[in-house]
>>> print(open('data_0.tsv').read())   # TSV, C-alpha atoms
chain	number	residue	atom	x	y	z
A	1	MET	CA	155.75	-111.59	249.08
A	2	HIS	CA	158.14	-112.25	246.18
A	3	VAL	CA	157.21	-110.83	242.79
A	4	LYS	CA	158.66	-112.69	239.81
A	5	PRO	CA	160.32	-110.25	237.40
A	6	GLN	CA	158.94	-110.24	233.89
A	7	ASN	CA	161.03	-111.48	231.00
A	8	SER	CA	162.90	-108.93	228.97
A	9	PRO	CA	161.54	-108.30	225.48
A	10	PHE	CA	164.62	-110.08	224.09
A	11	GLU	CA	163.82	-113.23	226.10
A	12	ALA	CA	160.15	-112.98	225.17
A	13	GLY	CA	161.06	-112.85	221.46
A	14	TYR	CA	163.46	-115.78	221.79
A	15	LYS	CA	160.79	-117.85	223.55
A	16	ALA	CA	158.12	-116.74	221.06
A	17	PHE	CA	160.06	-118.31	218.19
A	18	TRP	CA	160.07	-121.72	219.86
A	19	ASP	CA	156.40	-121.38	220.90
A	20	GLY	CA	155.30	-120.41	217.39
A	21	GLU	CA	154.07	-116.94	218.35
A	22	PHE	CA	154.93	-114.80	215.33
A	23	ILE	CA	153.17	-111.57	216.32
A	24	CYS	CA	154.96	-109.08	218.53
A	25	LYS	CA	152.77	-107.51	221.24
A	26	TYR	CA	154.88	-104.37	221.60
A	27	ARG	CA	154.17	-101.04	219.93
A	28	PRO	CA	155.73	-100.85	216.44
A	29	ARG	CA	159.07	-99.01	216.17
A	30	SER	CA	159.49	-98.96	219.96
A	31	HIS	CA	162.65	-100.07	221.74
A	32	TYR	CA	160.80	-103.09	223.16
A	33	ASN	CA	159.63	-104.07	219.68
A	34	LEU	CA	163.20	-103.96	218.37
A	35	GLU	CA	164.44	-106.05	221.31
A	36	TRP	CA	161.66	-108.60	220.80
A	37	HIS	CA	162.62	-108.95	217.13
A	38	ARG	CA	166.30	-109.23	218.06
A	39	GLY	CA	165.49	-112.18	220.35
A	40	PHE	CA	163.21	-113.77	217.75
A	41	ASN	CA	165.89	-113.44	215.06
A	42	LYS	CA	168.55	-114.88	217.36
A	43	ALA	CA	166.40	-117.99	217.90
A	44	TYR	CA	165.66	-118.21	214.16
A	45	PHE	CA	169.31	-118.11	213.15
A	46	TYR	CA	170.28	-120.53	215.94
A	47	ASN	CA	167.64	-122.96	214.66
A	48	ARG	CA	168.76	-122.48	211.07
A	49	LYS	CA	172.45	-123.02	211.88
A	50	THR	CA	171.91	-125.95	214.22
A	51	TYR	CA	169.15	-127.93	212.56
A	52	VAL	CA	168.54	-126.82	208.98
A	53	GLN	CA	172.11	-126.45	207.76
A	54	SER	CA	173.17	-129.69	209.42
A	55	ILE	CA	170.97	-131.64	206.97
A	56	PRO	CA	173.10	-133.09	204.14
A	57	ILE	CA	172.40	-131.51	200.75
A	58	ASP	CA	171.55	-134.93	199.26
A	59	ARG	CA	168.74	-135.32	201.79
A	60	LEU	CA	167.33	-131.93	200.86
A	61	ARG	CA	167.18	-132.94	197.22
A	62	GLN	CA	165.17	-136.05	198.13
A	63	VAL	CA	162.47	-133.94	199.77
A	64	ARG	CA	161.44	-132.28	196.50
>>> encode(input="data_0.tsv", output="structure tokens")
Amino acid sequence: MHVKPQNSPFEAGYKAFWDGEFICKYRPRSHYNLEWHRGFNKAYFYNRKTYVQSIPIDRLRQVR
């Protein structure tokens, strides 16, 4: 019988950003909590750099 290993907290946080899960399930101030937030933040900044900042500034002004 093969047991699938669980995702690391970092991977869980990264995936949580894309799935829209904004609440961390790990105990506050624990190592797992910090790793989850590190993964979440990595996905956030990747999204911001890739998609948000690639929008021309003129287009952003039209949205207002």
>>> closest_residue(input="data_0.tsv", among="A:Tyr14, A:Arg29, A:Phe22, A:Pro56", to="Tyr44 (chain A)", atoms="all atoms listed in the file")
A:Tyr14
>>> atom_distance(input="data_0.tsv", atom1="CA of Arg48 (chain A)", atom2="CA of Leu34 (chain A)")
20.7 Å
>>> atom_distance(input="data_0.tsv", atom1="CA of Tyr32 (chain A)", atom2="CA of Ser8 (chain A)")
8.5 Å
>>> closest_residue(input="data_0.tsv", among="A:Phe40, A:Tyr51, A:Phe45, A:Glu35", to="Pro9 (chain A)", atoms="all atoms listed in the file")
A:Glu35
>>> closest_residue(input="data_0.tsv", among="A:Asn7, A:Gln53, A:Lys42, A:Trp36", to="Ile23 (chain A)", atoms="only C-alpha atoms")
A:Trp36
>>> residues_around(input="data_0.tsv", residues="Glu21 (chain A)", least_positions_apart="6", cutoff="10 Å", atoms="only C-alpha atoms", output="PyMOL selection string")
chain A and resi 12-13+15+40
>>> axis_aligned_box(input="data_0.tsv", around="region 23-29 of chain A", padding_each_side="6 Å", output="AutoDock Vina command-line options")
--center_x 155.9 --center_y -105.3 --center_z 218.9 --size_x 18.3 --size_y 24.6 --size_z 17.4
>>> atom_distance(input="data_0.tsv", atom1="CA of Cys24 (chain A)", atom2="CA of Phe10 (chain A)")
11.2 Å
>>> decode(input="data_0.tsv", residues="region 12-28 of chain A", atoms="all heavy atoms", output="PDB file, in the first residue's frame")
ATOM      1  N   ALA A  12       1.106  24.121   0.806  1.00  0.00           N
ATOM      2  CA  ALA A  12      -0.300  24.322   1.161  1.00  0.00           C
ATOM      3  C   ALA A  12      -0.660  25.807   1.116  1.00  0.00           C
ATOM      4  O   ALA A  12      -1.735  26.180   0.642  1.00  0.00           O
ATOM      5  CB  ALA A  12      -0.583  23.749   2.542  1.00  0.00           C
ATOM      6  N   GLY A  13       0.237  26.665   1.604  1.00  0.00           N
ATOM      7  CA  GLY A  13       0.002  28.106   1.563  1.00  0.00           C
ATOM      8  C   GLY A  13      -0.012  28.640   0.146  1.00  0.00           C
ATOM      9  O   GLY A  13      -0.833  29.492  -0.209  1.00  0.00           O
ATOM     10  N   TYR A  14       0.899  28.142  -0.683  1.00  0.00           N
ATOM     11  CA  TYR A  14       0.960  28.569  -2.084  1.00  0.00           C
ATOM     12  C   TYR A  14      -0.338  28.190  -2.802  1.00  0.00           C
ATOM     13  O   TYR A  14      -0.931  29.005  -3.507  1.00  0.00           O
ATOM     14  CB  TYR A  14       2.164  27.907  -2.763  1.00  0.00           C
ATOM     15  CG  TYR A  14       2.520  28.500  -4.098  1.00  0.00           C
ATOM     16  CD1 TYR A  14       3.419  29.549  -4.182  1.00  0.00           C
ATOM     17  CD2 TYR A  14       1.967  28.005  -5.271  1.00  0.00           C
ATOM     18  CE1 TYR A  14       3.761  30.103  -5.413  1.00  0.00           C
ATOM     19  CE2 TYR A  14       2.293  28.546  -6.501  1.00  0.00           C
ATOM     20  CZ  TYR A  14       3.198  29.591  -6.568  1.00  0.00           C
ATOM     21  OH  TYR A  14       3.521  30.126  -7.780  1.00  0.00           O
ATOM     22  N   LYS A  15      -0.787  26.971  -2.583  1.00  0.00           N
ATOM     23  CA  LYS A  15      -2.026  26.492  -3.204  1.00  0.00           C
ATOM     24  C   LYS A  15      -3.243  27.229  -2.639  1.00  0.00           C
ATOM     25  O   LYS A  15      -4.193  27.523  -3.369  1.00  0.00           O
ATOM     26  CB  LYS A  15      -2.164  24.991  -2.989  1.00  0.00           C
ATOM     27  CG  LYS A  15      -3.331  24.364  -3.717  1.00  0.00           C
ATOM     28  CD  LYS A  15      -3.326  22.861  -3.532  1.00  0.00           C
ATOM     29  CE  LYS A  15      -4.457  22.180  -4.226  1.00  0.00           C
ATOM     30  NZ  LYS A  15      -5.764  22.701  -4.010  1.00  0.00           N
ATOM     31  N   ALA A  16      -3.206  27.552  -1.357  1.00  0.00           N
ATOM     32  CA  ALA A  16      -4.333  28.244  -0.719  1.00  0.00           C
ATOM     33  C   ALA A  16      -4.578  29.606  -1.355  1.00  0.00           C
ATOM     34  O   ALA A  16      -5.726  30.032  -1.489  1.00  0.00           O
ATOM     35  CB  ALA A  16      -4.081  28.397   0.781  1.00  0.00           C
ATOM     36  N   PHE A  17      -3.511  30.297  -1.756  1.00  0.00           N
ATOM     37  CA  PHE A  17      -3.695  31.596  -2.405  1.00  0.00           C
ATOM     38  C   PHE A  17      -4.517  31.443  -3.673  1.00  0.00           C
ATOM     39  O   PHE A  17      -5.461  32.195  -3.903  1.00  0.00           O
ATOM     40  CB  PHE A  17      -2.347  32.241  -2.729  1.00  0.00           C
ATOM     41  CG  PHE A  17      -2.489  33.525  -3.482  1.00  0.00           C
ATOM     42  CD1 PHE A  17      -2.765  34.695  -2.808  1.00  0.00           C
ATOM     43  CD2 PHE A  17      -2.393  33.560  -4.865  1.00  0.00           C
ATOM     44  CE1 PHE A  17      -2.927  35.886  -3.493  1.00  0.00           C
ATOM     45  CE2 PHE A  17      -2.549  34.740  -5.564  1.00  0.00           C
ATOM     46  CZ  PHE A  17      -2.813  35.916  -4.879  1.00  0.00           C
ATOM     47  N   TRP A  18      -4.179  30.480  -4.495  1.00  0.00           N
ATOM     48  CA  TRP A  18      -4.868  30.296  -5.774  1.00  0.00           C
ATOM     49  C   TRP A  18      -6.277  29.748  -5.582  1.00  0.00           C
ATOM     50  O   TRP A  18      -7.157  29.979  -6.415  1.00  0.00           O
ATOM     51  CB  TRP A  18      -4.063  29.390  -6.695  1.00  0.00           C
ATOM     52  CG  TRP A  18      -2.728  29.985  -7.004  1.00  0.00           C
ATOM     53  CD1 TRP A  18      -1.526  29.553  -6.552  1.00  0.00           C
ATOM     54  CD2 TRP A  18      -2.455  31.151  -7.792  1.00  0.00           C
ATOM     55  NE1 TRP A  18      -0.523  30.368  -7.021  1.00  0.00           N
ATOM     56  CE2 TRP A  18      -1.066  31.355  -7.788  1.00  0.00           C
ATOM     57  CE3 TRP A  18      -3.263  32.034  -8.506  1.00  0.00           C
ATOM     58  CZ2 TRP A  18      -0.468  32.412  -8.471  1.00  0.00           C
ATOM     59  CZ3 TRP A  18      -2.658  33.077  -9.182  1.00  0.00           C
ATOM     60  CH2 TRP A  18      -1.279  33.261  -9.166  1.00  0.00           C
ATOM     61  N   ASP A  19      -6.512  29.022  -4.472  1.00  0.00           N
ATOM     62  CA  ASP A  19      -7.846  28.478  -4.203  1.00  0.00           C
ATOM     63  C   ASP A  19      -8.743  29.458  -3.454  1.00  0.00           C
ATOM     64  O   ASP A  19      -9.925  29.193  -3.255  1.00  0.00           O
ATOM     65  CB  ASP A  19      -7.730  27.189  -3.387  1.00  0.00           C
ATOM     66  CG  ASP A  19      -7.090  26.068  -4.178  1.00  0.00           C
ATOM     67  OD1 ASP A  19      -7.024  26.158  -5.420  1.00  0.00           O
ATOM     68  OD2 ASP A  19      -6.643  25.087  -3.547  1.00  0.00           O
ATOM     69  N   GLY A  20      -8.178  30.577  -2.997  1.00  0.00           N
ATOM     70  CA  GLY A  20      -8.961  31.573  -2.275  1.00  0.00           C
ATOM     71  C   GLY A  20      -9.197  31.235  -0.816  1.00  0.00           C
ATOM     72  O   GLY A  20     -10.139  31.731  -0.209  1.00  0.00           O
ATOM     73  N   GLU A  21      -8.348  30.398  -0.249  1.00  0.00           N
ATOM     74  CA  GLU A  21      -8.452  30.048   1.173  1.00  0.00           C
ATOM     75  C   GLU A  21      -7.506  30.966   1.946  1.00  0.00           C
ATOM     76  O   GLU A  21      -6.295  30.797   1.914  1.00  0.00           O
ATOM     77  CB  GLU A  21      -8.056  28.591   1.389  1.00  0.00           C
ATOM     78  CG  GLU A  21      -8.923  27.619   0.626  1.00  0.00           C
ATOM     79  CD  GLU A  21      -8.374  26.204   0.679  1.00  0.00           C
ATOM     80  OE1 GLU A  21      -7.476  25.928   1.500  1.00  0.00           O
ATOM     81  OE2 GLU A  21      -8.833  25.392  -0.127  1.00  0.00           O
ATOM     82  N   PHE A  22      -8.056  31.936   2.647  1.00  0.00           N
ATOM     83  CA  PHE A  22      -7.241  32.960   3.287  1.00  0.00           C
ATOM     84  C   PHE A  22      -6.987  32.704   4.763  1.00  0.00           C
ATOM     85  O   PHE A  22      -6.334  33.506   5.421  1.00  0.00           O
ATOM     86  CB  PHE A  22      -7.875  34.325   3.098  1.00  0.00           C
ATOM     87  CG  PHE A  22      -8.057  34.672   1.648  1.00  0.00           C
ATOM     88  CD1 PHE A  22      -9.315  34.787   1.098  1.00  0.00           C
ATOM     89  CD2 PHE A  22      -6.959  34.837   0.827  1.00  0.00           C
ATOM     90  CE1 PHE A  22      -9.474  35.096  -0.244  1.00  0.00           C
ATOM     91  CE2 PHE A  22      -7.100  35.145  -0.515  1.00  0.00           C
ATOM     92  CZ  PHE A  22      -8.365  35.273  -1.049  1.00  0.00           C
ATOM     93  N   ILE A  23      -7.492  31.621   5.306  1.00  0.00           N
ATOM     94  CA  ILE A  23      -7.308  31.325   6.725  1.00  0.00           C
ATOM     95  C   ILE A  23      -6.365  30.143   6.878  1.00  0.00           C
ATOM     96  O   ILE A  23      -6.601  29.066   6.330  1.00  0.00           O
ATOM     97  CB  ILE A  23      -8.659  31.035   7.407  1.00  0.00           C
ATOM     98  CG1 ILE A  23      -9.558  32.272   7.305  1.00  0.00           C
ATOM     99  CG2 ILE A  23      -8.456  30.621   8.852  1.00  0.00           C
ATOM    100  CD1 ILE A  23     -10.957  32.062   7.786  1.00  0.00           C
ATOM    101  N   CYS A  24      -5.305  30.352   7.637  1.00  0.00           N
ATOM    102  CA  CYS A  24      -4.321  29.309   7.882  1.00  0.00           C
ATOM    103  C   CYS A  24      -4.842  28.366   8.963  1.00  0.00           C
ATOM    104  O   CYS A  24      -5.378  28.803   9.981  1.00  0.00           O
ATOM    105  CB  CYS A  24      -3.003  29.948   8.328  1.00  0.00           C
ATOM    106  SG  CYS A  24      -1.732  28.753   8.709  1.00  0.00           S
ATOM    107  N   LYS A  25      -4.682  27.056   8.738  1.00  0.00           N
ATOM    108  CA  LYS A  25      -5.203  26.064   9.685  1.00  0.00           C
ATOM    109  C   LYS A  25      -4.195  25.699  10.769  1.00  0.00           C
ATOM    110  O   LYS A  25      -4.521  24.957  11.668  1.00  0.00           O
ATOM    111  CB  LYS A  25      -5.589  24.800   8.928  1.00  0.00           C
ATOM    112  CG  LYS A  25      -6.666  25.015   7.912  1.00  0.00           C
ATOM    113  CD  LYS A  25      -6.954  23.735   7.178  1.00  0.00           C
ATOM    114  CE  LYS A  25      -6.893  24.022   5.701  1.00  0.00           C
ATOM    115  NZ  LYS A  25      -6.866  22.880   4.860  1.00  0.00           N
ATOM    116  N   TYR A  26      -2.981  26.213  10.659  1.00  0.00           N
ATOM    117  CA  TYR A  26      -1.943  25.861  11.627  1.00  0.00           C
ATOM    118  C   TYR A  26      -1.996  26.771  12.853  1.00  0.00           C
ATOM    119  O   TYR A  26      -2.516  27.882  12.793  1.00  0.00           O
ATOM    120  CB  TYR A  26      -0.567  25.940  10.969  1.00  0.00           C
ATOM    121  CG  TYR A  26      -0.405  24.956   9.841  1.00  0.00           C
ATOM    122  CD1 TYR A  26      -0.453  25.361   8.518  1.00  0.00           C
ATOM    123  CD2 TYR A  26      -0.229  23.607  10.102  1.00  0.00           C
ATOM    124  CE1 TYR A  26      -0.312  24.451   7.482  1.00  0.00           C
ATOM    125  CE2 TYR A  26      -0.097  22.690   9.076  1.00  0.00           C
ATOM    126  CZ  TYR A  26      -0.134  23.121   7.770  1.00  0.00           C
ATOM    127  OH  TYR A  26      -0.007  22.211   6.758  1.00  0.00           O
ATOM    128  N   ARG A  27      -1.443  26.284  13.934  1.00  0.00           N
ATOM    129  CA  ARG A  27      -1.429  27.025  15.200  1.00  0.00           C
ATOM    130  C   ARG A  27      -0.654  28.331  15.030  1.00  0.00           C
ATOM    131  O   ARG A  27       0.433  28.341  14.453  1.00  0.00           O
ATOM    132  CB  ARG A  27      -0.758  26.161  16.265  1.00  0.00           C
ATOM    133  CG  ARG A  27      -0.767  26.720  17.648  1.00  0.00           C
ATOM    134  CD  ARG A  27      -0.253  25.708  18.662  1.00  0.00           C
ATOM    135  NE  ARG A  27       0.956  25.049  18.220  1.00  0.00           N
ATOM    136  CZ  ARG A  27       2.189  25.391  18.602  1.00  0.00           C
ATOM    137  NH1 ARG A  27       2.368  26.362  19.450  1.00  0.00           N
ATOM    138  NH2 ARG A  27       3.234  24.739  18.140  1.00  0.00           N
ATOM    139  N   PRO A  28      -1.186  29.449  15.501  1.00  0.00           N
ATOM    140  CA  PRO A  28      -0.486  30.734  15.360  1.00  0.00           C
ATOM    141  C   PRO A  28       0.919  30.690  15.963  1.00  0.00           C
ATOM    142  O   PRO A  28       1.150  30.043  16.972  1.00  0.00           O
ATOM    143  CB  PRO A  28      -1.366  31.718  16.123  1.00  0.00           C
ATOM    144  CG  PRO A  28      -2.710  31.082  16.129  1.00  0.00           C
ATOM    145  CD  PRO A  28      -2.472  29.592  16.155  1.00  0.00           C
TER     146      PRO A  28
END
